[in-house]
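**Student:** protein-v2.cif is the file, holding mmCIF, C-alpha atoms:
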```
data_protein
#
loop_
_atom_site.label_atom_id
_atom_site.label_comp_id
_atom_site.auth_asym_id
_atom_site.auth_seq_id
_atom_site.Cartn_x
_atom_site.Cartn_y
_atom_site.Cartn_z
CA SER A 1009 67.43 47.63 19.94
CA THR A 1010 70.18 45.45 21.41
CA PHE A 1011 67.74 42.63 22.17
CA THR A 1012 66.26 42.53 18.66
CA SER A 1013 69.67 42.45 17.04
CA ALA A 1014 70.85 39.64 19.33
CA TYR A 1015 67.71 37.44 19.28
CA THR A 1016 65.04 36.37 16.85
CA SER A 1017 61.92 38.24 17.88
CA SER A 1018 59.55 36.94 15.24
CA GLY A 1019 59.09 33.98 12.98
CA GLN A 1020 56.61 31.71 11.35
CA PHE A 1021 55.50 28.86 13.56
CA LEU A 1022 53.25 27.07 11.07
CA ALA A 1023 54.43 25.87 7.67
CA ALA A 1024 51.28 27.10 6.00
CA ASP A 1025 48.17 29.03 6.83
CA LEU A 1026 45.34 27.03 8.29
CA PRO A 1027 42.14 26.98 6.25
CA SER A 1028 40.04 30.10 6.86
CA ASN A 1029 37.45 28.14 8.81
CA VAL A 1030 39.95 26.51 11.22
CA HIS A 1031 41.62 27.98 14.29
CA LEU A 1032 44.57 26.63 16.31
CA LEU A 1033 42.85 26.84 19.68
CA SER A 1034 45.82 25.72 21.74
CA PHE A 1035 49.37 24.44 21.47
CA THR A 1036 50.35 23.36 24.96
CA TYR A 1037 53.60 21.80 26.18
CA LEU A 1038 52.97 18.39 27.75
CA GLN A 1039 56.46 16.96 28.16
CA THR A 1040 59.68 16.73 26.17
CA ASN A 1041 58.82 16.72 22.45
CA GLN A 1042 55.11 16.27 23.20
CA PHE A 1043 52.36 18.87 22.85
CA ILE A 1044 48.59 19.06 23.11
CA ILE A 1045 47.09 20.58 19.98
CA ARG A 1046 43.46 21.66 19.76
CA LEU A 1047 41.88 22.67 16.48
CA THR A 1048 38.42 24.17 16.17
CA HIS A 1049 36.11 24.73 13.23
CA LEU A 1050 34.93 28.34 13.43
CA PHE A 1051 31.57 28.03 11.69
CA ALA A 1052 28.25 26.42 12.57
CA VAL A 1053 26.23 24.26 10.20
CA ASP A 1054 24.43 26.46 7.62
CA GLU A 1055 26.17 29.61 8.90
CA ASP A 1056 27.99 30.18 5.61
CA GLU A 1057 27.81 28.36 2.27
CA SER A 1058 31.56 28.41 1.70
CA PHE A 1059 32.97 27.99 5.19
CA ALA A 1060 30.42 25.91 7.12
CA VAL A 1061 31.65 22.68 5.54
CA PRO A 1062 33.95 19.90 6.76
CA VAL A 1063 37.61 20.71 6.24
CA THR A 1064 40.76 18.55 6.24
CA VAL A 1065 43.96 19.59 8.03
CA ASP A 1066 47.23 17.67 7.70
CA LEU A 1067 48.94 17.89 11.10
CA SER A 1068 52.18 16.41 9.79
CA LYS A 1069 52.66 19.33 7.39
CA LEU A 1070 51.82 22.18 9.77
CA PHE A 1071 55.12 22.40 11.62
CA PRO A 1072 58.04 22.97 9.25
CA LYS A 1073 60.91 22.60 11.70
CA MET A 1074 59.61 19.55 13.58
CA GLN A 1075 59.06 16.03 12.32
CA VAL A 1076 55.86 14.47 13.65
CA LYS A 1077 56.57 11.03 15.13
CA SER A 1078 53.08 10.20 16.41
CA ILE A 1079 49.59 11.66 16.69
CA THR A 1080 47.01 10.45 19.18
CA GLU A 1081 43.50 11.83 19.37
CA THR A 1082 42.23 12.44 22.89
CA THR A 1083 39.21 13.76 24.71
CA LEU A 1084 38.87 17.54 24.86
CA SER A 1085 40.67 17.62 28.23
CA ALA A 1086 43.47 15.43 26.77
CA THR A 1087 43.16 12.99 29.68
CA LYS A 1088 41.92 9.96 27.76
CA GLN A 1089 42.89 8.49 24.39
CA ILE A 1090 39.93 8.15 22.00
CA VAL A 1091 41.31 5.62 19.51
CA GLY A 1092 44.63 4.25 18.36
CA PRO A 1093 47.10 6.42 16.49
CA ALA A 1094 45.27 9.18 14.65
CA PRO A 1095 45.89 9.80 10.97
CA SER A 1096 47.90 12.90 10.17
CA GLN A 1097 45.01 14.20 8.05
CA VAL A 1098 42.03 15.04 10.23
CA VAL A 1099 38.59 16.27 9.23
CA LEU A 1100 36.87 18.97 11.26
CA SER A 1101 33.12 19.34 10.90
CA PRO A 1102 31.39 22.66 11.59
CA LYS A 1103 31.75 23.79 15.24
CA GLU A 1104 33.85 20.75 16.08
CA ILE A 1105 36.85 20.90 18.41
CA ARG A 1106 39.38 18.06 18.21
CA THR A 1107 42.31 17.47 20.56
CA PHE A 1108 45.53 15.63 19.74
CA VAL A 1109 48.71 14.73 21.56
CA VAL A 1110 51.50 15.15 19.03
CA THR A 1111 55.01 13.82 19.57
CA PHE A 1112 57.86 15.37 17.61
#
```
Have the structure of the file written as structure tokens, please.

**Tutor:**
Amino acid sequence: STFTSAYTSSGQFLAADLPSNVHLLSFTYLQTNQFIIRLTHLFAVDEDESFAVPVTVDLSKLFPKMQVKSITETTLSATKQIVGPAPSQVVLSPKEIRTFVVTF
């Protein structure tokens, strides 16, 4: 009782719900203001007419209290950069997992 009155014990981390066919697989601290974010598409091709389709997620709008300064797409293990700066809007195809290093 004392703890819950003194501290915030719940809150909303994301600004909006992710699409129903997308899951935030991980949000891992890397270093100051930098996190590894993995998103996964939950459905396989032809698994569902409505949900087994490519979907777009805007990473810059997901986190209401943090301003995204840069987004870099990496390999699944986040050890190697895939391309230059990634766009804030990313498309996930069915069963795809994409990994990003996001700096706030």

**Student:** Please measure the separation of atom CA of A:Val1053 and atom CA of A:Ser1101, giving the value in Å to one decimal.

**Tutor:** 8.5 Å

**Student:** Could you list, as an MDAnalysis selection string, every residue matched by the PyMOL selection byres ((chain A and resi 1043) around 10) in this structure?

**Tutor:** chainID A and resid 1034:1042 1044:1046 1079 1108:1112

**Student:** For A:Val1098, which of A:Val1030, A:Ala1060, A:Val1065, A:Leu1070 is the closest residue, counting only C-alpha atoms?

**Tutor:**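 Checking each candidate against A:Val1098, we get A:Val1065 as the closest.
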
**Student:** Pick the closest to A:Ala1094 from A:Met1074, A:Leu1032, A:Ala1024, A:Leu1067: which is it, counting all atoms listed in the file?

**Tutor:**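 Among the listed residues, A:Leu1067 lies closest to A:Ala1094.
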
**Student:** Name the residues in contact with A:Lys1069 at a cut-off of 10 Å, using only C-alpha atoms, excluding same-chain residues fewer than 2 positions from it; report them as an mmCIF file with C-alpha atoms, in the coordinates of the input.

**Tutor:**
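Written out: selection-v2.cif:
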```cif
data_model
loop_
_atom_site.group_PDB
_atom_site.id
_atom_site.type_symbol
_atom_site.label_atom_id
_atom_site.label_comp_id
_atom_site.auth_asym_id
_atom_site.auth_seq_id
_atom_site.Cartn_x
_atom_site.Cartn_y
_atom_site.Cartn_z
ATOM 1 C CA LEU A 1022 53.250 27.070 11.070
ATOM 2 C CA ALA A 1023 54.430 25.870 7.670
ATOM 3 C CA ALA A 1024 51.280 27.100 6.000
ATOM 4 C CA VAL A 1065 43.960 19.590 8.030
ATOM 5 C CA ASP A 1066 47.230 17.670 7.700
ATOM 6 C CA LEU A 1067 48.940 17.890 11.100
ATOM 7 C CA PHE A 1071 55.120 22.400 11.620
ATOM 8 C CA PRO A 1072 58.040 22.970 9.250
ATOM 9 C CA LYS A 1073 60.910 22.600 11.700
ATOM 10 C CA MET A 1074 59.610 19.550 13.580
ATOM 11 C CA GLN A 1075 59.060 16.030 12.320
ATOM 12 C CA VAL A 1076 55.860 14.470 13.650
ATOM 13 C CA SER A 1096 47.900 12.900 10.170
ATOM 14 C CA GLN A 1097 45.010 14.200 8.050
#
```

**Student:** Env of A:Thr1082: 8 Å cut, atoms = only C-alpha atoms, seq-sep filter 4 positions within chain, self excluded. Answer as a compact mmCIF listing (two decimals) with C-alpha atoms, keeping the file's coordinate frame.

**Tutor:**
```txt
# COMPACT_ATOMS: atom_id res chain seq x y z
CA ALA A 1086 43.47 15.43 26.77
CA THR A 1087 43.16 12.99 29.68
CA LYS A 1088 41.92 9.96 27.76
CA GLN A 1089 42.89 8.49 24.39
CA ILE A 1090 39.93 8.15 22.00
CA VAL A 1091 41.31 5.62 19.51
CA ARG A 1106 39.38 18.06 18.21
CA THR A 1107 42.31 17.47 20.56
CA PHE A 1108 45.53 15.63 19.74
CA VAL A 1109 48.71 14.73 21.56
```

**Student:** Can you pull out the residues contacting A:Phe1051? Cut-off 6 Å, using all atoms listed in the file, and skip same-chain residues under 2 positions away; I want them as a PyMOL selection string.

**Tutor:** chain A and resi 1049+1060+1102-1103

**Student:** Out of A:Ser1068, A:Asn1029, A:Leu1084, A:Lys1077, which residue has the shortest atom-to-atom distance to A:Glu1055 when counting only C-alpha atoms?

**Tutor:**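 Using only C-alpha atoms, A:Glu1055 sits closest to A:Asn1029.
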
**Student:** What is the atom CA of A:Ser1058-atom CA of A:Leu1026 distance in Å, reported with one decimal?

**Tutor:** 15.3 Å

**Student:** Under the rule that all atoms listed in the file are counted, which of A:Ile1105, A:Leu1100, A:Val1063, A:Ala1052 is the nearest residue to A:Pro1027?

**Tutor:**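 Once distances to A:Pro1027 are computed over all atoms listed in the file, the minimum belongs to A:Val1063.
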
**Student:** Give me, please, the distance in Å between atom CA of A:Pro1062 and atom CA of A:Val1099, quoted to one decimal.

**Tutor:** 6.4 Å

**Student:** Which residue is closest to A:Ser1028? Choose from A:Ser1085, A:Thr1048, A:Thr1010, A:Ser1078 and count all atoms listed in the file.

**Tutor:**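 Checking each candidate against A:Ser1028, we get A:Thr1048 as the closest.
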
**Student:** Please, what is the axis-aligned box for every listed atom of stretch 1080-1095 of chain A with 8 Å on each side, as centre and edge lengths in Å to one decimal, as AutoDock Vina command-line options?

**Tutor:**
```
--center_x 43.0 --center_y 10.9 --center_z 20.3 --size_x 24.2 --size_y 29.4 --size_z 34.7
```
